[in-house]
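Asks: The structure file final07.txt (compact mmCIF, C-alpha atoms and all ligand atoms) is provided below.
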```txt
# COMPACT_ATOMS: atom_id res chain seq x y z
CA MET A 770 -15.15 4.99 -2.94
CA THR A 771 -15.84 8.48 -1.69
CA GLU A 772 -19.30 8.95 -3.18
CA ARG A 773 -22.08 8.90 -0.59
CA LEU A 774 -24.37 6.03 -1.47
CA ASN A 775 -27.94 5.33 -0.49
CA VAL A 776 -27.64 1.80 0.87
CA VAL A 777 -30.59 -0.32 1.93
CA VAL A 778 -29.66 -2.99 4.46
CA GLY A 779 -32.26 -5.74 4.64
CA VAL A 780 -32.12 -7.61 7.93
CA THR A 781 -33.94 -10.90 8.13
CA GLY A 782 -34.71 -13.24 10.99
CA GLY A 783 -31.68 -15.28 11.88
CA ILE A 784 -29.41 -15.31 14.89
CA ALA A 785 -26.71 -13.64 12.76
CA ALA A 786 -28.94 -10.52 12.72
CA TYR A 787 -26.80 -9.19 15.56
CA LYS A 788 -23.88 -9.09 13.13
CA ALA A 789 -25.98 -6.95 10.75
CA VAL A 790 -25.37 -4.15 13.25
CA GLY A 791 -21.67 -4.36 12.34
CA VAL A 792 -22.49 -4.19 8.63
CA ILE A 793 -24.65 -1.10 9.14
CA ARG A 794 -22.00 0.55 11.28
CA LEU A 795 -19.23 0.01 8.75
CA LEU A 796 -21.36 1.44 5.96
CA VAL A 797 -22.25 4.51 8.05
CA LEU A 798 -18.60 5.01 9.05
CA ALA A 799 -17.67 4.82 5.36
CA GLY A 800 -19.94 7.84 4.86
CA HIS A 801 -22.98 6.17 3.33
CA ASP A 802 -26.65 6.88 4.00
CA VAL A 803 -28.05 3.63 5.37
CA HIS A 804 -31.73 2.68 5.50
CA VAL A 805 -32.63 -0.50 7.31
CA VAL A 806 -35.56 -2.59 6.15
CA ALA A 807 -36.08 -5.32 8.72
CA THR A 808 -38.48 -8.22 8.63
CA ASP A 809 -40.68 -8.83 11.66
CA ALA A 810 -38.62 -11.92 12.42
CA ALA A 811 -35.40 -9.85 12.37
CA LEU A 812 -36.74 -7.62 15.13
CA ARG A 813 -37.07 -10.68 17.36
CA PHE A 814 -33.30 -11.04 17.17
CA VAL A 815 -32.12 -7.43 17.25
CA GLY A 816 -33.94 -4.39 18.60
CA ARG A 817 -35.26 -1.52 16.52
CA PRO A 818 -33.53 1.11 18.74
CA THR A 819 -30.16 -0.53 18.07
CA LEU A 820 -30.72 -0.54 14.31
CA GLU A 821 -31.99 3.06 14.34
CA ALA A 822 -29.16 4.37 16.49
CA ILE A 823 -26.48 2.68 14.40
CA SER A 824 -28.01 3.49 10.99
CA ARG A 825 -29.01 7.01 12.10
CA ASN A 826 -32.27 6.58 10.22
CA PRO A 827 -35.75 5.19 11.02
CA VAL A 828 -36.06 1.44 10.53
CA HIS A 829 -38.80 0.31 8.19
CA THR A 830 -40.67 -2.95 8.62
CA ASP A 831 -44.30 -2.47 7.78
CA LEU A 832 -45.70 -2.61 4.27
CA TYR A 833 -48.67 -0.52 5.34
CA GLU A 834 -46.76 2.35 6.90
CA GLY A 835 -45.84 5.38 4.81
CA VAL A 836 -48.39 4.48 2.15
CA ALA A 837 -48.77 8.15 1.24
CA GLN A 838 -45.10 8.19 0.26
CA VAL A 839 -45.58 4.94 -1.66
CA ARG A 840 -42.88 3.55 0.62
CA HIS A 841 -43.17 -0.03 -0.59
CA VAL A 842 -41.45 1.01 -3.80
CA ALA A 843 -39.83 4.33 -2.85
CA ILE A 844 -37.09 2.79 -0.71
CA GLY A 845 -36.00 0.40 -3.44
CA GLN A 846 -36.20 3.00 -6.19
CA ALA A 847 -33.92 5.36 -4.26
CA ALA A 848 -31.33 2.71 -3.39
CA ASP A 849 -27.88 2.61 -5.00
CA LEU A 850 -27.17 -0.74 -3.36
CA ILE A 851 -29.13 -3.34 -1.40
CA VAL A 852 -27.42 -5.60 1.12
CA VAL A 853 -29.37 -8.40 2.78
CA ALA A 854 -27.54 -9.60 5.89
CA PRO A 855 -28.29 -12.08 7.18
CA ALA A 856 -30.23 -13.70 4.34
CA THR A 857 -32.16 -16.65 5.76
CA ALA A 858 -33.14 -19.68 3.68
CA ASN A 859 -36.71 -18.37 3.76
CA THR A 860 -35.76 -14.93 2.45
CA ILE A 861 -33.55 -16.47 -0.23
CA ALA A 862 -36.49 -18.61 -1.36
CA LYS A 863 -38.75 -15.57 -1.47
CA LEU A 864 -36.21 -13.52 -3.44
CA ALA A 865 -35.69 -16.35 -5.93
CA THR A 866 -39.44 -16.54 -6.50
CA GLY A 867 -39.93 -12.79 -6.59
CA LEU A 868 -42.35 -12.74 -3.68
CA ALA A 869 -43.36 -9.37 -2.29
CA ASP A 870 -45.35 -10.18 0.82
CA ASP A 871 -43.35 -7.89 3.07
CA LEU A 872 -41.57 -4.55 2.81
CA LEU A 873 -38.17 -6.08 2.05
CA GLY A 874 -39.58 -8.16 -0.81
CA ASN A 875 -41.26 -5.09 -2.30
CA THR A 876 -38.15 -2.98 -1.84
CA ILE A 877 -35.98 -5.46 -3.70
CA LEU A 878 -38.46 -6.03 -6.50
CA ALA A 879 -38.87 -2.31 -7.00
CA SER A 880 -35.15 -1.66 -7.25
CA ARG A 881 -32.65 -1.71 -10.09
CA ALA A 882 -29.71 -1.47 -7.67
CA PRO A 883 -27.20 -4.31 -7.27
CA VAL A 884 -28.29 -6.80 -4.62
CA VAL A 885 -25.78 -8.48 -2.32
CA ILE A 886 -26.88 -11.21 0.08
CA ALA A 887 -25.00 -12.80 2.96
CA PRO A 888 -26.64 -16.18 3.65
CA ALA A 889 -26.76 -17.51 7.21
CA MET A 890 -28.34 -20.83 8.08
CA HIS A 891 -27.58 -24.35 9.24
CA THR A 892 -25.56 -26.56 6.93
CA GLU A 893 -28.48 -28.85 6.11
CA MET A 894 -30.57 -25.87 4.99
CA TRP A 895 -27.70 -24.41 2.92
CA GLN A 896 -27.13 -27.75 1.21
CA ASN A 897 -30.80 -28.50 0.70
CA PRO A 898 -31.53 -28.77 -3.04
CA ALA A 899 -34.20 -26.09 -2.69
CA THR A 900 -31.69 -23.58 -1.33
CA VAL A 901 -29.02 -24.67 -3.82
CA ALA A 902 -31.45 -24.05 -6.69
CA ASN A 903 -32.59 -20.72 -5.24
CA ILE A 904 -29.01 -19.51 -4.87
CA ALA A 905 -28.24 -20.56 -8.45
CA THR A 906 -31.29 -18.63 -9.63
CA LEU A 907 -30.27 -15.51 -7.74
CA ARG A 908 -26.70 -15.73 -9.00
CA SER A 909 -27.92 -16.13 -12.57
CA ARG A 910 -29.84 -12.88 -12.13
CA GLY A 911 -26.70 -11.07 -11.03
CA VAL A 912 -27.22 -11.16 -7.28
CA THR A 913 -23.87 -11.27 -5.44
CA VAL A 914 -23.74 -14.00 -2.82
CA VAL A 915 -21.15 -13.40 -0.08
CA GLY A 916 -20.29 -16.56 1.81
CA PRO A 917 -21.49 -18.35 3.77
CA GLY A 918 -18.35 -19.20 5.69
CA VAL A 919 -17.57 -22.47 7.39
CA GLY A 920 -17.54 -22.51 11.16
CA GLN A 921 -19.41 -22.77 14.41
CA LEU A 922 -23.17 -22.41 13.91
CA THR A 923 -25.78 -21.48 16.49
CA GLY A 924 -26.09 -24.88 18.11
CA ALA A 925 -23.39 -27.44 18.74
CA ASP A 926 -23.03 -27.97 14.98
CA SER A 927 -20.47 -26.44 12.70
CA GLY A 928 -20.02 -26.41 8.93
CA PRO A 929 -20.90 -24.22 5.94
CA GLY A 930 -23.68 -21.77 6.77
CA ARG A 931 -22.10 -19.21 9.01
CA MET A 932 -22.59 -15.62 7.91
CA VAL A 933 -19.27 -14.09 6.89
CA GLU A 934 -17.90 -11.19 8.92
CA PRO A 935 -19.25 -7.65 8.43
CA GLU A 936 -15.99 -6.37 6.88
CA GLU A 937 -16.19 -8.92 4.09
CA ILE A 938 -19.89 -8.27 3.50
CA VAL A 939 -19.31 -4.53 3.21
CA SER A 940 -16.29 -4.83 0.94
CA SER A 941 -18.10 -7.30 -1.33
CA ALA A 942 -21.19 -5.10 -1.34
CA LEU A 943 -19.28 -1.98 -2.35
CA ALA A 944 -17.39 -4.10 -4.85
CA ALA A 945 -20.65 -5.09 -6.52
CA LEU A 946 -20.87 -1.54 -7.81
CA ARG A 947 -17.48 -1.74 -9.46
CA THR A 948 -16.80 -2.39 -13.09
CA LYS A 949 -15.70 -5.93 -13.86
CA ASP A 950 -12.59 -4.90 -15.74
CA LEU A 951 -10.68 -8.03 -14.66
CA LEU A 952 -13.43 -10.45 -15.61
CA GLY A 953 -12.10 -13.94 -16.20
CA LYS A 954 -8.48 -12.96 -15.51
CA ARG A 955 -6.62 -15.48 -13.36
CA ILE A 956 -4.72 -13.65 -10.66
CA VAL A 957 -2.45 -15.17 -8.03
CA VAL A 958 -1.76 -13.04 -4.96
CA THR A 959 0.66 -13.96 -2.19
CA ALA A 960 0.15 -12.39 1.22
CA GLY A 961 1.59 -12.55 4.73
CA GLY A 962 5.11 -13.44 5.75
CA THR A 963 6.96 -16.72 5.51
CA ARG A 964 8.43 -18.41 8.60
CA GLU A 965 11.47 -20.62 8.77
CA ALA A 966 11.46 -23.20 11.52
CA LEU A 967 14.46 -23.44 13.85
CA ASP A 968 13.03 -26.28 15.87
CA PRO A 969 9.50 -27.61 16.54
CA VAL A 970 8.57 -24.52 18.57
CA ARG A 971 10.53 -21.59 17.10
CA TYR A 972 10.85 -19.82 13.82
CA ILE A 973 12.46 -16.86 12.11
CA GLY A 974 9.72 -14.66 10.69
CA ASN A 975 8.74 -11.13 9.83
CA ARG A 976 6.00 -8.73 10.82
CA SER A 977 3.90 -8.85 7.66
CA SER A 978 0.22 -9.36 8.59
CA GLY A 979 -1.08 -10.10 5.11
CA LYS A 980 -3.52 -7.19 5.12
CA GLN A 981 -2.28 -5.60 1.90
CA GLY A 982 -2.23 -8.88 -0.02
CA VAL A 983 -5.68 -9.88 1.22
CA ALA A 984 -7.00 -6.44 0.22
CA ILE A 985 -5.59 -6.98 -3.29
CA ALA A 986 -7.17 -10.43 -3.53
CA LEU A 987 -10.56 -9.10 -2.45
CA ALA A 988 -10.40 -6.10 -4.78
CA ALA A 989 -9.38 -8.29 -7.73
CA ALA A 990 -12.24 -10.73 -7.06
CA ALA A 991 -14.63 -7.79 -6.86
CA ARG A 992 -13.52 -6.73 -10.32
CA GLY A 993 -14.32 -10.14 -11.74
CA ALA A 994 -10.93 -11.87 -11.50
CA ASP A 995 -10.57 -15.53 -10.69
CA VAL A 996 -8.28 -15.18 -7.66
CA THR A 997 -6.00 -17.61 -5.88
CA LEU A 998 -4.66 -16.26 -2.60
CA ILE A 999 -1.55 -17.93 -1.23
CA GLY A 1000 -1.41 -16.97 2.43
CA ALA A 1001 1.75 -17.29 4.49
CA ASN A 1002 0.81 -17.17 8.17
CA LEU A 1003 -1.97 -14.65 7.68
CA GLU A 1004 -2.88 -12.60 10.73
CA VAL A 1005 -6.10 -11.44 9.13
CA SER A 1006 -8.96 -13.80 8.39
CA ALA A 1007 -8.85 -15.10 4.87
CA PRO A 1008 -11.94 -14.08 2.90
CA ALA A 1009 -14.49 -16.89 2.64
CA SER A 1010 -15.25 -15.96 -0.96
CA ILE A 1011 -11.71 -16.54 -2.22
CA HIS A 1012 -9.78 -19.75 -2.80
CA VAL A 1013 -6.94 -19.69 -0.26
CA LYS A 1014 -3.89 -21.93 -0.08
CA HIS A 1015 -2.05 -21.69 3.24
CA VAL A 1016 1.71 -22.08 3.44
CA VAL A 1017 4.33 -21.55 6.14
CA SER A 1018 7.89 -21.46 4.75
CA THR A 1019 9.49 -19.84 1.73
CA LEU A 1020 10.01 -23.21 0.02
CA GLU A 1021 6.32 -24.07 0.51
CA LEU A 1022 5.40 -20.66 -0.86
CA ALA A 1023 7.72 -21.19 -3.84
CA ASP A 1024 6.03 -24.52 -4.68
CA ALA A 1025 2.51 -23.15 -4.30
CA VAL A 1026 3.26 -20.08 -6.41
CA ALA A 1027 4.96 -22.10 -9.13
CA LEU A 1028 1.90 -24.33 -9.43
CA ALA A 1029 -0.62 -21.49 -9.39
CA ALA A 1030 1.45 -19.35 -11.77
CA GLU A 1031 1.22 -21.98 -14.53
CA GLU A 1032 -2.34 -20.86 -15.25
CA ALA A 1033 -2.13 -17.27 -14.09
CA ASP A 1034 -2.39 -14.10 -16.16
CA ILE A 1035 -1.04 -11.98 -13.31
CA VAL A 1036 1.05 -12.90 -10.24
CA ILE A 1037 1.31 -10.36 -7.41
CA MET A 1038 3.97 -11.13 -4.81
CA ALA A 1039 2.79 -9.11 -1.82
CA ALA A 1040 4.13 -11.64 0.69
CA ALA A 1041 7.21 -10.78 2.73
CA VAL A 1042 9.53 -13.65 1.99
CA ALA A 1043 12.27 -14.87 4.35
CA ASP A 1044 15.48 -14.59 2.35
CA TYR A 1045 17.29 -17.18 4.45
CA ARG A 1046 16.37 -20.38 6.25
CA PRO A 1047 18.26 -22.38 8.87
CA GLU A 1048 20.58 -24.84 7.20
CA SER A 1049 19.23 -27.56 9.43
CA VAL A 1050 16.08 -27.69 11.52
CA ALA A 1051 16.50 -29.18 15.01
CA GLN A 1052 14.08 -32.04 15.49
CA SER A 1053 13.71 -31.33 19.20
CA LYS A 1054 13.67 -28.07 21.12
CA ILE A 1055 17.02 -26.28 21.15
CA LYS A 1056 18.17 -26.23 24.80
CA LYS A 1057 20.20 -23.58 26.63
CA GLU A 1058 22.18 -26.26 28.46
CA THR A 1059 23.65 -27.56 25.23
CA GLN A 1060 24.14 -24.10 23.64
CA GLY A 1061 25.79 -22.16 26.45
CA ASP A 1062 25.98 -18.35 26.29
CA ARG A 1063 25.99 -17.95 22.53
CA LEU A 1064 23.92 -19.54 19.83
CA THR A 1065 25.04 -19.35 16.22
CA LEU A 1066 22.54 -20.07 13.50
CA GLU A 1067 23.79 -21.12 10.10
CA LEU A 1068 21.40 -19.83 7.44
CA VAL A 1069 21.23 -20.62 3.75
CA LYS A 1070 19.71 -18.49 1.05
CA ASN A 1071 16.18 -19.17 -0.13
CA PRO A 1072 15.31 -19.01 -3.81
CA ASP A 1073 14.13 -15.61 -5.06
CA ILE A 1074 10.59 -16.50 -6.06
CA LEU A 1075 9.82 -13.20 -7.77
CA ALA A 1076 12.99 -13.27 -9.87
CA GLY A 1077 12.23 -16.90 -10.81
CA LEU A 1078 8.69 -16.03 -11.87
CA ALA A 1079 9.97 -13.12 -13.95
CA ASP A 1080 12.55 -15.41 -15.61
CA THR A 1081 10.05 -18.06 -16.59
CA ARG A 1082 6.99 -15.92 -17.31
CA ARG A 1083 4.87 -16.75 -20.32
CA ALA A 1084 4.25 -14.16 -23.02
CA GLY A 1085 1.66 -11.75 -21.73
CA GLN A 1086 1.92 -12.84 -18.11
CA ILE A 1087 2.34 -9.89 -15.73
CA ILE A 1088 4.56 -10.25 -12.65
CA VAL A 1089 4.29 -7.74 -9.82
CA GLY A 1090 6.55 -7.42 -6.79
CA PHE A 1091 6.56 -5.38 -3.60
CA ALA A 1092 9.53 -3.87 -1.84
CA ALA A 1093 9.29 -2.88 1.78
CA GLU A 1094 12.12 -0.49 2.60
CA THR A 1095 13.22 1.33 5.74
CA GLU A 1096 14.97 4.14 3.82
CA ARG A 1097 13.63 7.49 5.14
CA ASP A 1098 14.44 9.69 2.15
CA ALA A 1099 11.69 9.42 -0.50
CA ASP A 1100 13.96 9.83 -3.53
CA ALA A 1101 16.52 7.38 -2.16
CA MET A 1102 13.71 4.88 -1.51
CA ILE A 1103 12.53 5.11 -5.12
CA GLU A 1104 16.13 4.68 -6.28
CA ILE A 1105 16.38 1.48 -4.21
CA GLY A 1106 13.17 0.37 -5.93
CA ARG A 1107 14.65 1.05 -9.38
CA VAL A 1108 17.70 -1.04 -8.62
CA LYS A 1109 15.50 -3.80 -7.18
CA ILE A 1110 13.14 -4.05 -10.16
CA ALA A 1111 16.12 -4.15 -12.51
CA ARG A 1112 17.55 -7.02 -10.45
CA LYS A 1113 14.26 -8.92 -10.13
CA GLY A 1114 13.02 -8.43 -13.68
CA SER A 1115 9.34 -8.09 -12.70
CA ASP A 1116 6.98 -5.92 -14.74
CA TYR A 1117 6.11 -3.72 -11.79
CA LEU A 1118 7.36 -3.09 -8.27
CA LEU A 1119 5.42 -1.34 -5.52
CA VAL A 1120 7.77 0.31 -3.07
CA ASN A 1121 6.52 1.12 0.40
CA ARG A 1122 8.15 2.34 3.55
CA VAL A 1123 8.20 0.15 6.61
CA GLY A 1124 9.52 0.78 10.08
CA TRP A 1125 8.91 -0.02 13.70
CA ASN A 1126 5.50 1.61 13.48
CA GLU A 1127 4.93 1.77 9.76
CA GLY A 1128 3.63 -0.52 7.08
CA PHE A 1129 2.96 -3.71 9.04
CA ALA A 1130 -0.45 -4.65 10.42
CA THR A 1131 -1.69 -1.10 9.83
CA ASP A 1132 -4.82 -0.26 7.87
CA GLY A 1133 -3.12 2.35 5.73
CA ASN A 1134 -0.20 2.25 3.37
CA SER A 1135 1.70 4.52 1.02
CA VAL A 1136 3.22 3.17 -2.19
CA VAL A 1137 5.08 4.18 -5.30
CA MET A 1138 4.63 1.84 -8.27
CA LEU A 1139 7.50 1.52 -10.75
CA ASP A 1140 7.50 -0.12 -14.15
CA ARG A 1141 10.40 -2.06 -15.69
CA LEU A 1142 12.05 1.10 -16.86
CA GLY A 1143 11.95 2.46 -13.33
CA ASP A 1144 9.34 5.07 -14.24
CA ILE A 1145 6.71 5.92 -11.65
CA VAL A 1146 3.34 4.74 -12.97
CA MET A 1147 1.28 5.27 -9.81
CA GLU A 1148 1.62 6.80 -6.36
CA ALA A 1149 -1.01 6.28 -3.68
CA SER A 1150 -1.58 6.75 0.02
CA GLY A 1151 -4.63 5.57 1.88
CA SER A 1152 -6.35 2.43 3.02
CA LYS A 1153 -4.85 -0.85 1.89
CA SER A 1154 -8.02 -1.53 -0.11
CA SER A 1155 -7.79 1.81 -1.92
CA ILE A 1156 -4.16 1.04 -2.77
CA ALA A 1157 -5.24 -2.38 -4.02
CA ASP A 1158 -7.66 -0.72 -6.39
CA ARG A 1159 -5.11 1.77 -7.67
CA LEU A 1160 -2.72 -1.12 -8.39
CA LEU A 1161 -5.45 -3.05 -10.19
CA ASP A 1162 -6.35 0.07 -12.21
CA VAL A 1163 -2.80 -0.01 -13.61
CA LEU A 1164 -2.92 -3.78 -14.26
CA ALA A 1165 -6.34 -3.60 -15.93
CA ARG A 1166 -4.98 -0.94 -18.29
CA ALA A 1167 -1.70 -2.79 -18.82
CA ARG A 1168 -3.49 -5.76 -20.31
N1 LIG B 1201 10.76 -12.04 -2.84
C1 LIG B 1201 10.74 -13.33 -3.34
N2 LIG B 1201 11.61 -14.26 -2.89
C2 LIG B 1201 12.54 -13.94 -1.98
C3 LIG B 1201 12.59 -12.63 -1.46
C4 LIG B 1201 11.69 -11.71 -1.92
O1 LIG B 1201 9.88 -13.60 -4.19
N3 LIG B 1201 13.38 -14.87 -1.55
C5 LIG B 1201 9.81 -11.05 -3.38
C6 LIG B 1201 8.87 -10.43 -2.39
O2 LIG B 1201 7.65 -11.14 -2.34
C7 LIG B 1201 8.65 -9.06 -2.94
C8 LIG B 1201 9.96 -8.75 -3.66
O3 LIG B 1201 10.57 -10.00 -3.89
O4 LIG B 1201 7.64 -9.03 -3.91
C9 LIG B 1201 10.90 -7.87 -2.91
O5 LIG B 1201 11.12 -8.38 -1.64
P1 LIG B 1201 12.20 -7.74 -0.69
O6 LIG B 1201 12.26 -8.50 0.57
O7 LIG B 1201 11.97 -6.26 -0.64
O8 LIG B 1201 13.51 -7.94 -1.58
P2 LIG B 1201 14.80 -8.78 -1.35
O9 LIG B 1201 14.98 -9.67 -2.51
O10 LIG B 1201 14.79 -9.39 -0.01
O11 LIG B 1201 15.91 -7.66 -1.47
P3 LIG B 1201 16.77 -6.94 -0.31
O12 LIG B 1201 17.38 -8.03 0.49
O13 LIG B 1201 17.74 -6.13 -1.08
O14 LIG B 1201 15.79 -6.09 0.43
```
Let's see the structure in the file written out as structure tokens.

Replies:
Amino acid sequence: MTERLNVVVGVTGGIAAYKAVGVIRLLVLAGHDVHVVATDAALRFVGRPTLEAISRNPVHTDLYEGVAQVRHVAIGQAADLIVVAPATANTIAKLATGLADDLLGNTILASRAPVVIAPAMHTEMWQNPATVANIATLRSRGVTVVGPGVGQLTGADSGPGRMVEPEEIVSSALAALRTKDLLGKRIVVTAGGTREALDPVRYIGNRSSGKQGVAIALAAAARGADVTLIGANLEVSAPASIHVKHVVSTLELADAVALAAEEADIVIMAAAVADYRPESVAQSKIKKETQGDRLTLELVKNPDILAGLADTRRAGQIIVGFAAETERDADAMIEIGRVKIARKGSDYLLVNRVGWNEGFATDGNSVVMLDRLGDIVMEASGSKSSIADRLLDVLARAR
């Protein structure tokens, strides 16, 4: 999204308020105009100078300041998007009731912009029937609830209640503005790279981080899809808002995909799949003393999951593959893609270049998308999330 948005970030009084600084920073770096409305309690956790320096705008807290500019409604009226991070149980209760006893409450009530909240609280508070009911109320009114994640909380306790990371809050928040053109569609995305064990401590693997697949899963969820992410050894944190199934090897991935694909409308194979696995896996560590100067590994071919999905697809089901190629010449790379899609039988294939310093674990990517006839239907370069959206644009139209 290149448009400069007026984003209000509401910061409320929880220990996770320090992470709100990260949310504000990401929004500013993405080119948006960020206005912080903090509660008094929030300013006990994070200082006004920090929030002002990072947002590059004055921080508003007081209902009775700026009365001449009718500030209690002006901030909300001008907002394109409101993000409340962290959202405490108390703030959630106030929002659900429509209370306006502070500037944030007034701002939200006076706004027609999408509201995204990132709850942060202890597990007992999150699971309390009052909070459960308040969250249901907010959801029913169209508020987007991001998280909470499961993990270490402020004290010695851990469980659901941890505020999700700033990156996920920002991507979900910007996603709230998007059209829901994949509403109700069941989409399976595989991400990461499979590993084949040699012995209990070693494996054959590849350098795929899972970033592109995770970006696709997040973008699809933002557009209303019901997403299952199958992650093979992800090096990026799996989004808390998406159902994730973790796998290690190609055979595990094959089983998980086969199961998920039964119900899916679209399957996107972004995972880098090991084509071969050791014929036998040593049950104890392979030792130099027994191997000598050379070690020969006998590998057997893994099933081609993508080709199998394409073979058995239901009418109307869309199967999408990726092809990571090291070919330097652009035309030759596309030609390799054409041969590959013909061999695999998928509906689409996204070809991207990889190399020692390209494609893997980077934030950007560059792809050419081919259809079954080998025609180019989309070309894109940019962030992995922008590429995800361009891919989904094609799939949303293809339906
Ligand atoms: N793929 C798969 N099962 C495999 C290998 C690959 O499902 N055993 C999928 C990948 O997830 C990807 C697509 O097929 O979507 C292309 O993967 P790639 O590794 O580029 O193709 P290969 O079949 O390995 O072809 P080649 O060896 O010619 O590169």

Asks: Work out how far CA of Ser978 (chain A) is from CA of Pro1072 (chain A), in Å to one decimal.

Replies: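 A separation of 21.8 Å between them.
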
Asks: Separation of CA of Val915 (chain A) and CA of Ser941 (chain A), in Å?

Replies: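 Atom-to-atom, CA of Val915 (chain A) and CA of Ser941 (chain A) are spaced 6.9 Å apart.
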
Asks: Given all atoms listed in the file as the basis, pick out the residue of A:Thr819, A:Ser1150, A:Ser1155, A:Asn975 nearest to ligand LIG 1201 (chain B).

Replies: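 Looking at the shortest contact to ligand LIG 1201 (chain B), the residue is A:Asn975.
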
Asks: Considering only C-alpha atoms and all ligand atoms, can you say which of A:Leu1142, A:Ile1037, A:Val1050, A:Ala1099 comes closest to ligand LIG 1201 (chain B)?

Replies: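 Among the listed residues, A:Ile1037 lies closest to ligand LIG 1201 (chain B).
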
Asks: Just to confirm, what's the straight-line distance from CA of Gly845 (chain A) to CA of Gly791 (chain A) in Å (one decimal)?

Replies: 21.8 Å
